[in-house]
Structure formats: structure tokens, C-alpha cells
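Have a look at the structure below before the remarks.
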Amino acid sequence: MKEMGIRFILMVNKQGQTRLAQYYEWLTLEERRALEGEIVRKCLARNEQQCSFVEHRNYKIVYRRYASLFFLVGVENDENELAILEFIHLLVETMDRHFGNVCELDIMFHLEKAHFMLEEMVMNGSIVETSKANILSPIQLMEKAS
Amino acid sequence: MEQLRTFGRELAMGSQGGFYQSKEFLDLVKSIGEARSKAEEDRIVVNEIDTLKRRIAEPDIPKRKMKEYIIRLVYIEMLGHDASFGYIHAVKMTHDDSLLVKRTGYLAVTLFLNEEHDLIILIVNTIQKDLKSDNYLVVCAALNAVCKLINEETIPAVLPQVVELLAHPKEAVRKKAIMALHCFYQKSPSSVSHLISNFRKRLCDNDPGVMGATLCPLFDLITRDVNSYKDLVISFVSILKQVTERRLSKAYDYHQMPAPFIQIKLLKILALLGSGDKQASENMYTVVGDVFRKCDFSSNIGNAVLYECICCVSSIYPNPKLLDSAADIISRFLKSDSHNLKYMGIDALGRLIKISPEIAEQHQLAVIDCLEDPDDTLKRKTFELLYKMTKSTNVEVIVDRMIDYMISINDNHYKTEIASRCVELAEQFAPSNQWFIQAMNKVFEHTGDLVNIKVAHNLMRLIAEGFGEDDDNADSKLRSSAVESYLRILGEPKLPSGFLQVICWVLGEYGTADGMFCASDITGKLCDVAEAYSSDDTVKAYAVTALMKIYAFEIAAGREVDMLTECQSLMEELLASHSTDLQQRAYELQGVIGLDAHAVEFIMPSDASCEDIEVDKDLSFLDGYIQEAIEKGAQPYIPESERPGVLNMGNFRNQDHHESSHGLRFEAYELPKPAVQPRIPRALLPSTEIVPVPEPVYPRETYQTPVTPIPSNPSDAGSAELKLRLDGVQKKWGRPTYTPETSTSNSTSQKTVNGAAQVDGPSTVNSTRETYASRKLQVEISHEKQKLAASLFGGSSKPEKRPATGHKVSKASSHMLEKSHVPNSSMEVASEKTAPAQTPPDLLDLGEPTSTSTAPSLDPFKQLEVLLDATQDASAANSATSASRSPDVMALYADTPVGIHNKDEADLLSGMSNMSGATARPQPTKGSSKGPNPKDSLEKDSLVRQMGVKPSSQNPNLFKDLLG
């Protein structure tokens, strides 16, 4: 049995279209599709005053909205929700530092870079790196090299 | 600055930039971005699949182009379509020499394939090669892939290299290597059991990133076996102390908090280690107190750390001062306007009341507010709290509320959960039999078959065994009230099957027991049930058996049995039923009716459901018969396991390895081997350049595989090729996805239930029920709330321990009291224990003498900071601006954590960086704000425009800055 804090990270826009999806446990394409549909519906139906956390099946979703883009993180039940909320913000800040005033289109045009950042920040469903410099340095080096 | 320059270059139209993108790609992204509906998006993707299928198969595709194709494949899968036609190209791309292309290949492969996919075998070789690369970024890319793609069988192929990388000079490599090892541990603990000490060693790494990452595997290890890590308490405490004293690199600061994510992980670990251990906990008090004091209440991250502190304080051995601090924070959370903080407050309260139940009282109104909040998340959390603070004085109010809520929701998962909690609470605390039966009836009526059938069986057992251990009268009263209520409920349409089974069983056992109802009443009802639910064989079976019992009791009592006509026709129908079970029951009923009173009383004793039936498992009563048979020359029975050369489906395939054991030969059915052989050696058998795999790991690996039904056969251990194939096939089907949460309610032990049930007399019950009902009608909310609060919290002045405290504790506190310190197992740990007092600055360094030589007296983190932040100067300006803005961000988040984004159309950026123009800025000018360097941003913007994506086009949101 694998124990992991984070099960998946999704970026979904207001229309429910997926902009980035990273799963830390294997789901089939159909399962992913169904899951994304379900939780996006759930989260998008909530208003700004309500909690940024939603229970779904046997785990929780912590979500945060930036402009038109929702960041959704599926976590184990005993995870610290506020910390995950700030983890999302750290991710956005990191992307912002790299792209400069990051917007939805930056993520779409540079999907692989957004993934590279996540690869630095999260492994095996655990947060392993939170220093923006450390997260971005491999990407900068790669850019330089090629 | 460097970063921005690269950025600009990459955006120039030329293809020299590493992240070169063609017009085609930009068009695709543009059209996906502007798609208005899922259907439109699907059309675009289907088109794209067509195009790519043609393009990707063309010969001699330049690798930049191929990289782009692979990203387009990622898009296809991300948007829910199958891109398996291109997987092989992603696999091929991992062989590329260019780092960026290679890493994109690895990324795509980890997104596309799971660890059981056939193509993985082709990547293992590449991973092995890359793990040995001189370029540490290549090694990192391979380690990322290791975590996602290596399965139990292939761990040995990369394990030696991963272990070697734990000592790599680059901290990024060490960090990823430790996570790869963690991943192996998660997948197959036995494969790395001899390497566990490496996790301890890396905790002392002089890079805070490696140390921080190592906390993840250590948390896992400690969760599983807390006692082996008690010696690390002092190390963890001293690390946390250093973090709070800001001795880590500034790079780990987040919103002015020093390394908050590391603090949280450490607090989680301390909570585990200190649970039920006074001595360990005493070491933690000071540092946890420090964290409390230094946290910033006004920021989200500060509150996140504070929340973790509360969790820690409520898990470790109680300390009054810390509990006070925790209580303060909780009231701060609950008084906040933010729903998020209220939620955390309710959760924290639920943890703390286990230690100090009295603190609930001061928050009663806040709790009621949360309970009545329209926000479902908050409401559920509050129900969870109420569940934890239920006692016999407030059980009625709480369970009634829970049932009302349960009826109002549609989510089956949560309905089930809350139903089983209602059952559990009612069983444990029910003040009266009547109330209990009524509550159960409601639960069953409304959740029906969602409730675990065990709960129904439990209810039957409860009615049969009764609540009162000493009072038979009370038991029969309970049964009478059950029978009465069931006869009434049977009038309602569409009852769930599980509930009907309970009803039938109870009516059969006790329907006529108290003489209130005559046999014809009960049998009539039972026939109605069988008729109304004629499609449900289980219910019918219960009904027939109940009929049989009623008639049997009648006969035994010497009364004339007069079968109702409807009952007779039911019997006729069932005697010819297609269900053999129903037929059997019908014949049995027929048989019983024909017997005399004495025989009936013997086979169907009244109220005997609780009698133990002794089962003679050895069938000793047959001994004489067997003896006789053997004497007559019969073969004695030999258990299957002791028979030589038994054949069953499981080891059928292994037959050729020990053919001598049995007369039958199976060669003709041998599976063709050559087809699989060519690819196996690449993956598993170490070839030319690969580090040899330790031999003994193989058998252990294979036997660990949980889904393999093939019995482990020592003679088979060497043949890796056969095994690999079989396991692969098996596991494809065995992989679990989301396992539904198992209900936690069934654990209540029967004895505590019975003990707790008689606390209150029925008279008080009725009165509280009345007041509660009348309260519902009252209009004045605050008054109502206060009353509700009183009924919920009123009893807390005389705190009452739950009868079964142990059965619902959280994972953290479930570790039982264990004060004995495990002797230190390794040398370095021993040194750790003594050193902290003497030389605080080098604490993290202790385990590694080699690293101390590089930085003997200086703070290792300071040095590292310089090493890591090569671009520190360049980014100084950047961080300065972010520092100056953060207070604004914080201020906004403190009130409404998501509120900052609530003005959809307003340009949020203007509020931050451009304080003067606070209102929505026209979109076109946005271009100039793209990136701190106007020239670069203009370039970028114009490129995008050239491609036809304009802020004014169909989806202006695409351009909206995420960070306002």
C-alpha cells in the first residue's frame, strides 16, 4: 500500500477544460476523464466564500482559483489543507517568476515546462522542493544548453 | 536577468531556442484555448489525432519536430483521448542525446505509461545508461522516470545505481535518489530493507533540500514502525529549532516564514514519535512552543503551521501550556470570517477535545454556526466533530441532526458513511430502546441498501441479545417495540431489501412472542412482503423462514394452525420456484407443519437465536464409520497438501520443472517460450555494461507479488524469464484503483454497547425529544441556537469518557504507549544524541564526516545558499519586488482566501503592481506588462499575435495574469 499525500494535481479552466494533469497514482484514461468531470463540476459549483476544500469519495480536493484557472489538488484525508493551499500558491508564484506575469496561455504553450516544475516540486506524491531557485534552475540550465 | 534573456531568445521566430514551437503547434494550442465547449474541443482533438497519426510515422523527423509531436500527444491524452499510437515514439525519444528532448521523452512516458506497461521493458536500459551519465541533469531526468516507471520486478535492475547516487556531489541528484529509494520502499519494502539506514544518513545531509526530501520517507517509515526511530527525536527537534531560527537558506522562505513546508513535515513526524511517549514528548515541548510563538497569524501559511502544531500538541503526551496555546489558536480560527480557517478550527477542536473535553464548551455557538452553514464541506467537518464529542446526554440531538442531514444529501458515498456513524453512535449511547429502534428504522428507511449488511445483522443480534444484561423484562419490551414499529413501517412503499430482511427476521422470531399480535396478523404481513417484493429472492427467503417459525411456535404452543389462503398460494408458488433455495424453504415449511408439537419444539425451539451451536469441525462422530470402512479395505484419506504430485490450475505451468513427481506428463501443453525470450534479457538479466544484480533478490521479489496465484516453488526460483511474463500478465488485471473507504463503524464491541445503553431513563428521553421538536418551530434563531448548543454541550460540565475511546482514534495516536527507548542501532545516531548540545550550528552535519571537512565551522546552509543561488544577484530585484507585494497579498488572503480572484473580469494585476489604476485595464495594453522587461514582453506578445491569438479573440481569459 502506497502512502502519499498528493494524489493528483489538475489545472482546469472555468469552462472545465483541462490545462494540465499530473497523477501520482495510475488511473486509466476513462477513470481520469470521469474523475476530472466529477470534481470539476463539484468545485466550480462552489462560491468564493465557501471552503477551498471539498470531500470527494475517500479523499479531499483542495482548490484555488487564479483568474480563469482553477488549480485542484487531490490529497489524502489527513493532509494539512491550508498547507496544500499554499503549495498551490507557491507553484503559481514559481511559474510567475519563470514566465513573468504567468497566464493560462503560458501554461498551454509551455506545458512541458509546467510539468518540469511540478517534477521538481513533487515526487511520489510528496512535496520535496519548495525553493523557487532550486525548482527553476534545471529548467534554466536546459534552456541555456539548447 | 539571464532567465529573461533566454526567454526572449526562445520567443524569437528562429528555431535555435530549445523550446521552439511551430506555427502548427501554436495554432493547435490556440484552437484548444478558444474552444467553447467540450464537443468543440473533442472535434479539434480528433482531427489532431488524424494529423499526428500520419505525421509521426514519416521517416527522418527532426528531433525538435518530434518533441513537438510528443507534446501534442500529451495534449491528446490530457484532453481525454487515446494517444497510444504514439507511445513508442515517446519511448524512442528517451534515447535522444539532447537533454531537453530526452527529458520531454521521459515526461511523456511517465504521463502515458503505468509501471506494468509492456513498453517499460524498453526504457529500463535507457534509464540504466542515463543513471550513469556525467551530466547530472540527465541523471535527474532518469531518476524522475525511475519513481514512476520502475516496478517491483525491475527494481533490482536500477537499485545499485540509485544507491550509488545517494552520495552524488550534486544535491539535486541526492534528493531525487533518496526519493527513488523511497519509491522502491513503497512498492516493495523488502527490496530495500537492507538500505533503510540511508534514510537516516540523508537526514544529516548538509543540503536542506535533501534533508527536507528525506523527511518524506522517514515519515512513512515512522508511521509503520514508530519505535525504531525514537532515537531520532532529538535530531528532528534540533532541525526544527534551526528552521525556526531561520538558519536555512532564504530560498526556502515562503511569505516571510522560514521553510514552512519543512516545519509542517517535522511537526507531523514529531506527532507520531511523541504519541503516548512522555519522555520523547518532553524533548519537543520547547521547540513546539517556539513554533507557536513565531508563527504569523495573518498569513495562510502561518496558520497552516499553527494548525500542524495543534495536531502535534494533541497527539503527543499532553502539556498544559501547549494545550492552552492550541486552544487560543483554535478560538482564533473559529472566530475568523474565513471558512477555510473555521474548517481548520473545527478539525483542530475535534483533535483537542480528546485531551481536554472542556474546551468545546466555549466554542459551542461557533460550532452551531458551522453546523448550520450552507457550505457542505464545513457542515460535514462539523458533523465529524459532533461524532467525536457524542455522549449519552447529547446522542439524540446529534443523531437526529445527522439523520436529517443524511436524508437531505444525494452523495451515496457520504450517505453511507454518515449512516454507519449514526448506527455506531446509537448502538453506543442510545438512552432508550424505543429511541434506538426508531433511529435505526430511520437510518434503514432512508439509506437502505447503502448500509453495510453487517449493520443489519448487528441490529438483529442486538434485538435478539437485548440491551440489558440483567433485565429480561427490558429485553422483551425492546422486542415488542421493534415488532410494533416494524408492523407499522411495513405499510410504507419501497423499503430497502436489507431492512426488510431485518423486519422479516424479527417478526418471525418475536412477532407472536408477547401475545400482542396473533399469528394470522403476522403471517398475513409476511405474505404481503413476499408478494410485494416478489423479485427479491432474499427477502422472500427471509419471509418464508419467518412464516415457518411462526407456525412452528404455534404448533409447539399446542394451538391449531390455520394457514391463510394467501399463505397457501404463496407456498404453492414457491414449491415450484426456480430458486432452489426458496423451494427448499417451502418444502421445509410444509414438512414442519405436518409434525407433532414435540418434534416441532425440538427442531424449532422458541427464542433460541442466541444459543450457541457447537460445530464439530473434526467430524469425530464419523470416526467409527471410517474405521469400519478402512477395515473393509478402503483407502485412508490423505489431505490434499500431503498428496504427492497434486495438480491444480495454479502450478500447472510449472510442471515441466518437476515432471518426475507425477505420472501424467504435460509437455504437449507447454507454452511456446521463444516468443518472450528475446526481450527479457534486456530488462532483467544484467548484460554487458550493466551492474550485476544481486542474485538473492529475485526469489524474494517474486514471492512478494501479492496477486500471483502461482504457489512459490523453490525449484522454480531460477527461471526468471517465465516468472516475469506471468507476473506481468497477472498484475494487469490485479491493479487496484480507488478502493472505496471501508466503513469504520463496525468495530464497536457488543459489550460496550450494552453497557452504555442504560445510562438514561426513558422519561428524560421523552422530555428532551419534546423540547427539541418544539424548538424547531421557534423563529428566533439565536435563541434556538443557544438551546441547541445547550443540548449539545450541556453535559460537558461533567465530562464523560466514551466507553470505547480506543476504537476511533486517529492514525497518529493509535500507537500505544511505548516508553522504552529502543537502543541506538547505528554509530552515527549515537553521536547525534550527544552532539546537539555542544555544537548547534553543525547539527545537520553530524552523520557525515566527509561533508564536515568541506565546511567545518561555517553554517552549511549559508554556504549552500551561495552555491545554489548562482543567480541570486540577478534575481535579487525580483525577490525584492515580490517581498514588497506580499503584504498586500496576505492582507487579501487573510480575509477571504480565495476572494482575491472573485472579480472575474477585473484585471487583478493592476491592483498589485500598478496601484494607481485599480480598475479594469483595457486588455490590449496588457502586452506591455508581460514580463518585467518591456522589450521581451512586447516581442512575446507580438509573436503570439502573429499566430492569431489575440486578447480580444474568443477567450480573453487565456491572457489574464494568474497572479494578480
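A note on labels: chains of the C-alpha cells are A, B, ... as shown, every chain counts residues from 1, and ligands are counted from 1 in their shown order.
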- Nearby residues (only C-alpha atoms) at most 10 Å from Ala145 in chain A, same-chain spacing under 2 positions excluded, as an NGL selection string: (:A and (139-143)) or (:B and (17-18 or 98-100))
- Message: Report as an MDAnalysis selection string all protein, DNA and RNA residues lying within 12 Å of Leu507 in chain B, evaluated on only C-alpha atoms, omitting residues in the same chain fewer than 2 positions from it.
- Response: chainID B and resid 460 463:464 479:488 490 500:505 509:514 517:519 521:527 529 542:550 607
- Task: Name all residues at most 7 Å from range 23-36 of chain A (count only C-alpha atoms; drop same-chain ones fewer than 5 positions away) and give them as a ChimeraX atom specification.
- Result: /A:7-9,124-125 /B:80,114,737
Could you turn the residues from that selection into a file that holds N, CA, C and O atoms, as a PDB file, in the first residue's frame?
ATOM      1  N   ARG A   7      -2.404  13.033  -4.493  1.00  0.00           N
ATOM      2  CA  ARG A   7      -2.765  12.001  -5.462  1.00  0.00           C
ATOM      3  C   ARG A   7      -2.762  12.528  -6.888  1.00  0.00           C
ATOM      4  O   ARG A   7      -2.486  11.809  -7.815  1.00  0.00           O
ATOM      5  N   PHE A   8      -3.130  13.777  -7.034  1.00  0.00           N
ATOM      6  CA  PHE A   8      -3.080  14.348  -8.378  1.00  0.00           C
ATOM      7  C   PHE A   8      -3.095  15.870  -8.299  1.00  0.00           C
ATOM      8  O   PHE A   8      -3.493  16.441  -7.280  1.00  0.00           O
ATOM      9  N   ILE A   9      -2.622  16.482  -9.371  1.00  0.00           N
ATOM     10  CA  ILE A   9      -2.666  17.932  -9.486  1.00  0.00           C
ATOM     11  C   ILE A   9      -3.303  18.243 -10.836  1.00  0.00           C
ATOM     12  O   ILE A   9      -2.872  17.715 -11.861  1.00  0.00           O
ATOM     13  N   ASN A 124       6.662  11.101  -5.845  1.00  0.00           N
ATOM     14  CA  ASN A 124       5.916  10.071  -5.103  1.00  0.00           C
ATOM     15  C   ASN A 124       4.742  10.666  -4.325  1.00  0.00           C
ATOM     16  O   ASN A 124       4.396  10.155  -3.273  1.00  0.00           O
ATOM     17  N   GLY A 125       4.188  11.744  -4.805  1.00  0.00           N
ATOM     18  CA  GLY A 125       3.067  12.332  -4.087  1.00  0.00           C
ATOM     19  C   GLY A 125       3.465  13.132  -2.847  1.00  0.00           C
ATOM     20  O   GLY A 125       2.606  13.496  -2.057  1.00  0.00           O
TER      21      GLY A 125
ATOM     22  N   GLY B  80      -8.372  13.669 -22.777  1.00  0.00           N
ATOM     23  CA  GLY B  80      -9.235  12.502 -22.619  1.00  0.00           C
ATOM     24  C   GLY B  80      -9.308  11.562 -23.806  1.00  0.00           C
ATOM     25  O   GLY B  80     -10.216  10.739 -23.879  1.00  0.00           O
ATOM     26  N   ASN B 114       1.842   3.203 -17.303  1.00  0.00           N
ATOM     27  CA  ASN B 114       1.963   2.825 -15.900  1.00  0.00           C
ATOM     28  C   ASN B 114       3.069   1.792 -15.798  1.00  0.00           C
ATOM     29  O   ASN B 114       3.589   1.309 -16.803  1.00  0.00           O
ATOM     30  N   THR B 737      -7.608   0.444  -8.167  1.00  0.00           N
ATOM     31  CA  THR B 737      -7.663   1.894  -8.379  1.00  0.00           C
ATOM     32  C   THR B 737      -8.132   2.544  -7.092  1.00  0.00           C
ATOM     33  O   THR B 737      -7.490   2.386  -6.075  1.00  0.00           O
TER      34      THR B 737
END
- Message: Could you tell me which residues of chain A sit within 6 Å of chain B when counting only C-alpha atoms, and give me the result as a PyMOL selection string?
- Response: chain A and resi 2+33+48+50-51+54+58+66-68+82-83+100-105+128+131+143+146
Can you spit out the residues from that selection as a PDB file, in the first residue's frame, using C-alpha atoms?
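So part.pdb came out as:
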ATOM      1  CA  LYS A   2       1.381   3.318  -1.072  1.00  0.00           C
ATOM      2  CA  ARG A  33     -11.920  11.597 -17.627  1.00  0.00           C
ATOM      3  CA  GLU A  48     -15.946  32.277  -3.189  1.00  0.00           C
ATOM      4  CA  GLN A  50     -17.100  28.614   0.846  1.00  0.00           C
ATOM      5  CA  CYS A  51     -14.174  26.500   1.941  1.00  0.00           C
ATOM      6  CA  VAL A  54     -14.176  19.566  -0.958  1.00  0.00           C
ATOM      7  CA  ASN A  58     -12.335   8.903   0.205  1.00  0.00           C
ATOM      8  CA  TYR A  66      -6.413  32.279 -10.252  1.00  0.00           C
ATOM      9  CA  ALA A  67      -8.169  34.430 -12.809  1.00  0.00           C
ATOM     10  CA  SER A  68      -9.918  31.899 -15.020  1.00  0.00           C
ATOM     11  CA  LEU A  82      -4.039  25.018   4.351  1.00  0.00           C
ATOM     12  CA  ALA A  83      -0.525  23.881   3.534  1.00  0.00           C
ATOM     13  CA  GLY A 100       6.670  36.747 -15.887  1.00  0.00           C
ATOM     14  CA  ASN A 101       3.030  37.536 -15.176  1.00  0.00           C
ATOM     15  CA  VAL A 102       2.039  33.997 -15.938  1.00  0.00           C
ATOM     16  CA  CYS A 103      -1.285  33.461 -17.684  1.00  0.00           C
ATOM     17  CA  GLU A 104      -3.244  30.448 -18.857  1.00  0.00           C
ATOM     18  CA  LEU A 105      -1.704  30.690 -22.303  1.00  0.00           C
ATOM     19  CA  VAL A 128      10.120  17.571  -1.966  1.00  0.00           C
ATOM     20  CA  SER A 131      12.796  26.725  -3.077  1.00  0.00           C
ATOM     21  CA  GLU A 143      17.207  26.373 -21.876  1.00  0.00           C
ATOM     22  CA  SER A 146      19.773  24.010 -26.150  1.00  0.00           C
TER      23      SER A 146
END
- Message: Need to verify the contact set: Phe436 in chain B, 8 Å, only C-alpha atoms, exclusion of same-chain residues closer than 6 positions in sequence. Can you return it as a PyMOL selection string?
- Response: chain B and resi 426-427+430
- Message: Please extract the residues of range 12-136 of chain A with a backbone DSSP assignment of alpha helix (DSSP H) and present them as an NGL selection string.
- Response: :A and (29-44 or 81-99 or 104-109 or 111-121 or 132-136)
- Residue set, chain A restricted to strand (DSSP E), as a ChimeraX atom specification: /A:6-13,18-23,53-56,59-66,69-75,122-123,126-127
- Message: Show me, as a list in words, the residues that have an atom within 7 Å of Lys60 in chain A when counting only C-alpha atoms, minus same-chain residues fewer than 2 positions from it.
- Response: Phe53, Val54, Glu55, His56, Val62, Gly74, Val75, Glu76 and Asn77 of chain A
- Query: Which polymer residues have any atom within 9 Å of an atom of His446 in chain B, counting only C-alpha atoms, with same-chain residues fewer than 4 positions away left out, as a list in words?
  - Reply: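 With the cut-off at 9 Å, the set is Ile403, Met406, Ile407, Asn441, Lys442, Leu495 and Pro496 of chain B.
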Could you turn the residues from that selection into a file that holds C-alpha atoms, as a PDB file, in the first residue's frame?
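Saved to out-v7.pdb:
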ATOM      1  CA  ILE B 403     -30.159  11.603  10.075  1.00  0.00           C
ATOM      2  CA  MET B 406     -28.294  12.246   5.639  1.00  0.00           C
ATOM      3  CA  ILE B 407     -31.786  12.347   4.203  1.00  0.00           C
ATOM      4  CA  ASN B 441     -35.628   2.483  11.422  1.00  0.00           C
ATOM      5  CA  LYS B 442     -34.981   5.955  10.055  1.00  0.00           C
ATOM      6  CA  LEU B 495     -38.460  -0.460   1.644  1.00  0.00           C
ATOM      7  CA  PRO B 496     -34.841  -1.408   1.089  1.00  0.00           C
TER       8      PRO B 496
END
- Name the residues in contact with Arg64 in chain A at a cut-off of 7 Å, using only C-alpha atoms, excluding same-chain residues fewer than 3 positions from it; report them as a ChimeraX atom specification. /A:52,70-72,85 /B:898
Expected file: the selected residues, N, CA, C and O atoms, as a PDB file, in the first residue's frame:
ATOM      1  N   SER A  52     -12.196  26.222   0.600  1.00  0.00           N
ATOM      2  CA  SER A  52     -11.464  25.818  -0.599  1.00  0.00           C
ATOM      3  C   SER A  52     -11.201  24.323  -0.605  1.00  0.00           C
ATOM      4  O   SER A  52     -10.304  23.854  -1.282  1.00  0.00           O
ATOM      5  N   PHE A  70      -8.439  27.176 -12.474  1.00  0.00           N
ATOM      6  CA  PHE A  70      -8.540  26.511 -11.182  1.00  0.00           C
ATOM      7  C   PHE A  70      -7.378  25.542 -11.020  1.00  0.00           C
ATOM      8  O   PHE A  70      -7.065  24.791 -11.938  1.00  0.00           O
ATOM      9  N   PHE A  71      -6.780  25.569  -9.853  1.00  0.00           N
ATOM     10  CA  PHE A  71      -5.764  24.575  -9.508  1.00  0.00           C
ATOM     11  C   PHE A  71      -6.400  23.633  -8.502  1.00  0.00           C
ATOM     12  O   PHE A  71      -6.867  24.072  -7.453  1.00  0.00           O
ATOM     13  N   LEU A  72      -6.435  22.364  -8.839  1.00  0.00           N
ATOM     14  CA  LEU A  72      -7.070  21.385  -7.959  1.00  0.00           C
ATOM     15  C   LEU A  72      -6.042  20.340  -7.554  1.00  0.00           C
ATOM     16  O   LEU A  72      -5.372  19.770  -8.400  1.00  0.00           O
ATOM     17  N   LEU A  85      -3.025  24.430   0.120  1.00  0.00           N
ATOM     18  CA  LEU A  85      -3.491  25.665  -0.497  1.00  0.00           C
ATOM     19  C   LEU A  85      -2.307  26.591  -0.784  1.00  0.00           C
ATOM     20  O   LEU A  85      -2.234  27.241  -1.826  1.00  0.00           O
TER      21      LEU A  85
ATOM     22  N   VAL B 898      -9.866  32.884  -1.041  1.00  0.00           N
ATOM     23  CA  VAL B 898      -9.961  32.823  -2.482  1.00  0.00           C
ATOM     24  C   VAL B 898     -10.554  34.111  -3.032  1.00  0.00           C
ATOM     25  O   VAL B 898     -10.743  34.263  -4.208  1.00  0.00           O
TER      26      VAL B 898
END
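Here CA of Ser315 in chain B stands at a distance of 8.7 Å from CA of Leu352 in chain B.
The space between CA of Ala532 in chain B and CA of Val592 in chain B spans 25.1 Å.
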